[in-house]
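> Sharing a structure here in structure tokens format.
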Amino acid sequence: MKILVFGAGAIGSVVGGFLANAGHDVTFLGREWHINAIRENGLFITGIWGDYFIDTIKTALNVSELESDYDLILITVKSYSTDEAGRAASKLLNEKTYVVHLQNGLGNAETLLKYLPSDRLVTGRVIFGAEIEPGFVKVTVSADETVLGSIADAPLPEVKKIADIFSRAGVSARITTNIEKYIWGKALYNCALNPLATILEVPYGFLAENQFTMGMMDAVIDEIYEVGEKMGIKFEPETAEEYKKLFYSKLVPLTAEHHASMLQDIKMGKKTEIDALCGAIVSYGRKYGIETPLNSILTDLIKAKEIKAERGSAEGHYPKNKN
């Protein structure tokens, strides 16, 4: 297949790298610091899925360099760049192109549907983690397979073909008829942990070790369940209380030593994805008349921390953002 990775950061580089390693014709569109390293030395993938070197990846720094005969476009940009990516991708489609977005947060599919045909958009839930350096990505953790589905009209047999292509390339994937359950499940986990871990600059495990942060996480979970249920989301587990038991007994212990990627974004002077996480819950809450005070406070604190980090970066306290 001819595949474009639109936004070749950590996740996009791993998935795209494995697809290229499997023999597909893959092009990366990404940042200069990463793309130039791949052009010069190829892409190195390491970590829990093994070690690979791929030197067949085509590269581009601008949309104007891209073609329009791709079979598959993978959108792997940060949530705040979704609108821009959707607009650009719409000009690259032909009669055979499917678009798969593999992103964090809520509302990304709805944004993309402003520009893309509903029967060509596939939503993916990725739950592996990766770190990136120029020309190099490391898979650090994986909690489950990638899950693909459609919130609109993409034919399930076509979604299954894409999942099979992923799996044969080494990125294990399966399909679902209820992708929203998985997208909201990941957002729920991220909303409960990422902002607090970023504000306090602690690993996830610390948050589950004291009554103060546990109380705040419980409130975040309760608010998200209330909002989601009002919107018709089918959660798994079905109730907030059941989720809390799973959260504290299994989910947090698996990543107890993990530091939030949101904190790394802050330290690099980058914008975070808080608007697609707690911020999205606040927006949905307003729309449906539900109070979301904890999600609102966490959103505001992260935005304040972004400003503080930006000023610190300007003064030399943090490294400049190379992205």
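The way I read the labels, and the way they are meant: chains A, B, ... in the order of the structure tokens, residue 1 as the first residue of every chain, and ligand 1 as the first ligand shown, with later ones counted on from there.
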Which residues come within 6 Å of stretch 162-179 of chain A, counting only C-alpha atoms, excluding same-chain residues fewer than 3 positions away, as a PDB file with C-alpha atoms, in the first residue's frame?

```pdb
ATOM      1  CA  PHE A  18       6.615  -0.918  11.072  1.00  0.00           C
ATOM      2  CA  LEU A  19       4.484  -0.541   7.930  1.00  0.00           C
ATOM      3  CA  ALA A  22       6.751  -4.717   6.161  1.00  0.00           C
ATOM      4  CA  GLU A 145      -3.779  -3.881  20.971  1.00  0.00           C
ATOM      5  CA  THR A 146      -4.613  -0.927  18.750  1.00  0.00           C
ATOM      6  CA  VAL A 147      -8.387  -0.826  18.222  1.00  0.00           C
ATOM      7  CA  LEU A 148      -9.950   0.492  14.999  1.00  0.00           C
ATOM      8  CA  GLY A 149     -13.543   1.440  14.287  1.00  0.00           C
ATOM      9  CA  VAL A 159     -11.680  -1.296   8.666  1.00  0.00           C
ATOM     10  CA  TYR A 182     -12.339   2.894  23.726  1.00  0.00           C
TER      11      TYR A 182
END
```
> If you run DSSP over the backbone, which residues in stretch 77-208 of chain A end up alpha helix (DSSP H)? Put them as a count of residues only.
54
> For a quick check of understanding, using only C-alpha atoms, which of A:Ala208, A:Leu106, A:Leu113, A:Val5 has the smallest distance to A:Ala256?
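Among the listed residues, A:Ala208 lies closest to A:Ala256.
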> What residues in stretch 20-140 of chain A get the DSSP label strand (DSSP E or B)? Please answer as an MDAnalysis selection string.
chainID A and resid 25:29 43:47 52:54 58:60 72:75 98:102 121:125 128:133 136:140
> Go ahead and save the residues from that selection, with N, CA and C atoms, as a short mmCIF file (atom, residue, chain, number, x, y, z; two decimals), in the first residue's frame.

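again13.cif was written with the following content:
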```
data_model
loop_
_atom_site.label_atom_id
_atom_site.label_comp_id
_atom_site.auth_asym_id
_atom_site.auth_seq_id
_atom_site.Cartn_x
_atom_site.Cartn_y
_atom_site.Cartn_z
N ASP A 25 4.87 1.24 0.89
CA ASP A 25 5.44 2.49 0.39
C ASP A 25 4.98 3.61 1.33
N VAL A 26 5.87 4.03 2.24
CA VAL A 26 5.48 4.93 3.31
C VAL A 26 6.20 6.27 3.18
N THR A 27 5.41 7.35 3.35
CA THR A 27 5.96 8.71 3.39
C THR A 27 5.66 9.33 4.74
N PHE A 28 6.66 9.95 5.34
CA PHE A 28 6.49 10.69 6.59
C PHE A 28 6.41 12.18 6.29
N LEU A 29 5.38 12.84 6.83
CA LEU A 29 5.34 14.30 6.88
C LEU A 29 5.55 14.69 8.33
N LEU A 43 15.50 5.47 9.84
CA LEU A 43 14.76 5.47 11.10
C LEU A 43 15.14 4.26 11.94
N PHE A 44 15.44 4.50 13.18
CA PHE A 44 15.73 3.42 14.13
C PHE A 44 14.54 3.27 15.08
N ILE A 45 14.06 2.04 15.24
CA ILE A 45 13.01 1.73 16.21
C ILE A 45 13.58 0.71 17.19
N THR A 46 13.38 0.97 18.46
CA THR A 46 13.85 0.04 19.49
C THR A 46 12.79 -0.05 20.58
N GLY A 47 13.09 -0.83 21.61
CA GLY A 47 12.16 -0.94 22.73
C GLY A 47 11.56 -2.32 22.87
N TYR A 52 14.78 -2.33 15.09
CA TYR A 52 14.62 -2.29 13.64
C TYR A 52 15.33 -1.07 13.08
N PHE A 53 15.81 -1.23 11.85
CA PHE A 53 16.36 -0.09 11.11
C PHE A 53 15.66 -0.05 9.76
N ILE A 54 15.06 1.08 9.42
CA ILE A 54 14.33 1.22 8.17
C ILE A 54 14.89 2.39 7.39
N LYS A 58 10.07 7.46 2.64
CA LYS A 58 10.11 8.74 1.94
C LYS A 58 9.73 9.84 2.94
N THR A 59 10.16 11.05 2.67
CA THR A 59 9.93 12.11 3.65
C THR A 59 9.48 13.40 2.98
N ALA A 60 8.77 14.22 3.76
CA ALA A 60 8.34 15.53 3.31
C ALA A 60 8.26 16.46 4.51
N LEU A 72 -3.78 5.00 2.00
CA LEU A 72 -4.05 5.18 3.43
C LEU A 72 -3.31 6.41 3.93
N ILE A 73 -4.02 7.25 4.66
CA ILE A 73 -3.40 8.40 5.33
C ILE A 73 -3.59 8.21 6.82
N LEU A 74 -2.50 8.19 7.56
CA LEU A 74 -2.54 8.10 9.02
C LEU A 74 -2.35 9.49 9.59
N ILE A 75 -3.35 9.99 10.31
CA ILE A 75 -3.24 11.29 10.96
C ILE A 75 -2.83 11.06 12.41
N TYR A 98 -8.39 5.83 2.37
CA TYR A 98 -8.99 5.83 3.70
C TYR A 98 -8.07 6.61 4.63
N VAL A 99 -8.68 7.27 5.61
CA VAL A 99 -7.93 8.06 6.59
C VAL A 99 -8.14 7.44 7.96
N VAL A 100 -7.04 7.15 8.65
CA VAL A 100 -7.08 6.60 10.01
C VAL A 100 -6.43 7.62 10.94
N HIS A 101 -7.18 8.09 11.94
CA HIS A 101 -6.54 9.01 12.88
C HIS A 101 -6.28 8.27 14.19
N LEU A 102 -5.05 8.40 14.65
CA LEU A 102 -4.57 7.74 15.87
C LEU A 102 -4.13 8.85 16.83
N LEU A 121 -13.43 7.73 6.94
CA LEU A 121 -12.70 8.05 8.17
C LEU A 121 -12.77 6.90 9.17
N VAL A 122 -11.60 6.46 9.63
CA VAL A 122 -11.48 5.39 10.62
C VAL A 122 -10.82 5.97 11.86
N THR A 123 -11.40 5.66 13.02
CA THR A 123 -10.86 6.14 14.30
C THR A 123 -10.09 5.02 14.97
N GLY A 124 -8.93 5.35 15.53
CA GLY A 124 -8.12 4.34 16.21
C GLY A 124 -7.80 4.73 17.64
N ARG A 125 -7.81 3.73 18.52
CA ARG A 125 -7.35 3.92 19.90
C ARG A 125 -5.99 3.23 20.04
N PHE A 128 -0.19 2.23 23.24
CA PHE A 128 1.23 2.00 23.50
C PHE A 128 1.91 3.35 23.58
N GLY A 129 3.03 3.38 24.28
CA GLY A 129 3.76 4.62 24.46
C GLY A 129 5.12 4.57 23.78
N ALA A 130 5.60 5.72 23.35
CA ALA A 130 6.90 5.78 22.68
C ALA A 130 7.58 7.11 22.97
N GLU A 131 8.89 7.06 22.96
CA GLU A 131 9.71 8.26 23.12
C GLU A 131 10.43 8.52 21.80
N ILE A 132 10.67 9.78 21.52
CA ILE A 132 11.25 10.15 20.23
C ILE A 132 12.46 11.05 20.40
N GLU A 133 13.46 10.79 19.57
CA GLU A 133 14.60 11.67 19.36
C GLU A 133 14.80 11.74 17.86
N PHE A 136 14.90 8.53 15.69
CA PHE A 136 14.92 7.40 16.63
C PHE A 136 13.63 7.40 17.44
N VAL A 137 12.97 6.23 17.55
CA VAL A 137 11.82 6.09 18.43
C VAL A 137 11.97 4.80 19.25
N LYS A 138 11.52 4.89 20.49
CA LYS A 138 11.60 3.75 21.41
C LYS A 138 10.21 3.45 21.95
N VAL A 139 9.72 2.22 21.74
CA VAL A 139 8.45 1.79 22.29
C VAL A 139 8.69 1.41 23.74
N THR A 140 8.04 2.12 24.66
CA THR A 140 8.35 1.95 26.08
C THR A 140 7.32 1.13 26.84
#
```
> When you look at stretch 275-283 of chain A with a cut-off of 9 Å (counting only C-alpha atoms), what residues show up, excluding the ones that are within fewer than 5 positions of it in the same chain? I need them as a VMD selection string.
chain A and resid 79 to 80 104 to 108 187 to 188 190 to 192 195 220 223 to 224 227 to 228 288 290 to 296 298 to 300
> Work out how far atom CA of A:Ser261 is from atom CA of A:Ile302, in Å to one decimal.
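Computing it gives 12.9 Å between the two atoms.
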> Given only C-alpha atoms as the basis, pick out the residue of A:Lys114, A:Lys245, A:Lys250, A:Arg311 nearest to A:Met268.
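Ranking A:Lys114, A:Lys245, A:Lys250, A:Arg311 by distance to A:Met268, first place goes to A:Arg311.
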> Let me make sure I understand: among A:Met214, A:Leu207, A:Leu61, A:Met231, which one has the smallest atom-to-atom distance to A:Arg39 if we use only C-alpha atoms?
A:Leu61
> Can you measure atom CA of A:Pro117 to atom CA of A:Val15 for me? One decimal in Å is fine.
23.4 Å
> Rounded to one decimal in Å, what is the spacing between atom CA of A:Ala8 and atom CA of A:Lys78?
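Taking atom CA of A:Ala8 as the start and atom CA of A:Lys78 as the end point, the length is 10.4 Å.
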> Closest to A:Ala20 among A:Asn36, A:Thr111, A:Thr56, A:Thr272, using only C-alpha atoms?
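Checking each of A:Asn36, A:Thr111, A:Thr56, A:Thr272 against A:Ala20, counting only C-alpha atoms, the winner is A:Thr56.
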> Using only C-alpha atoms, can you tell me which of A:Ile274, A:Asp153, A:Gly7, A:Ala309 comes closest to A:Gly30?
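That would be A:Gly7, the residue with the smallest distance to A:Gly30.
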> Report as a list in words all protein, DNA and RNA residues lying within 9 Å of A:Ile221, evaluated on only C-alpha atoms, omitting residues in the same chain fewer than 5 positions from it.
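Everything that qualifies: Leu188, Tyr189, Cys191, Ala192, Met216, Glu226, Ala240, Glu241, Tyr243 and Lys244 of chain A.
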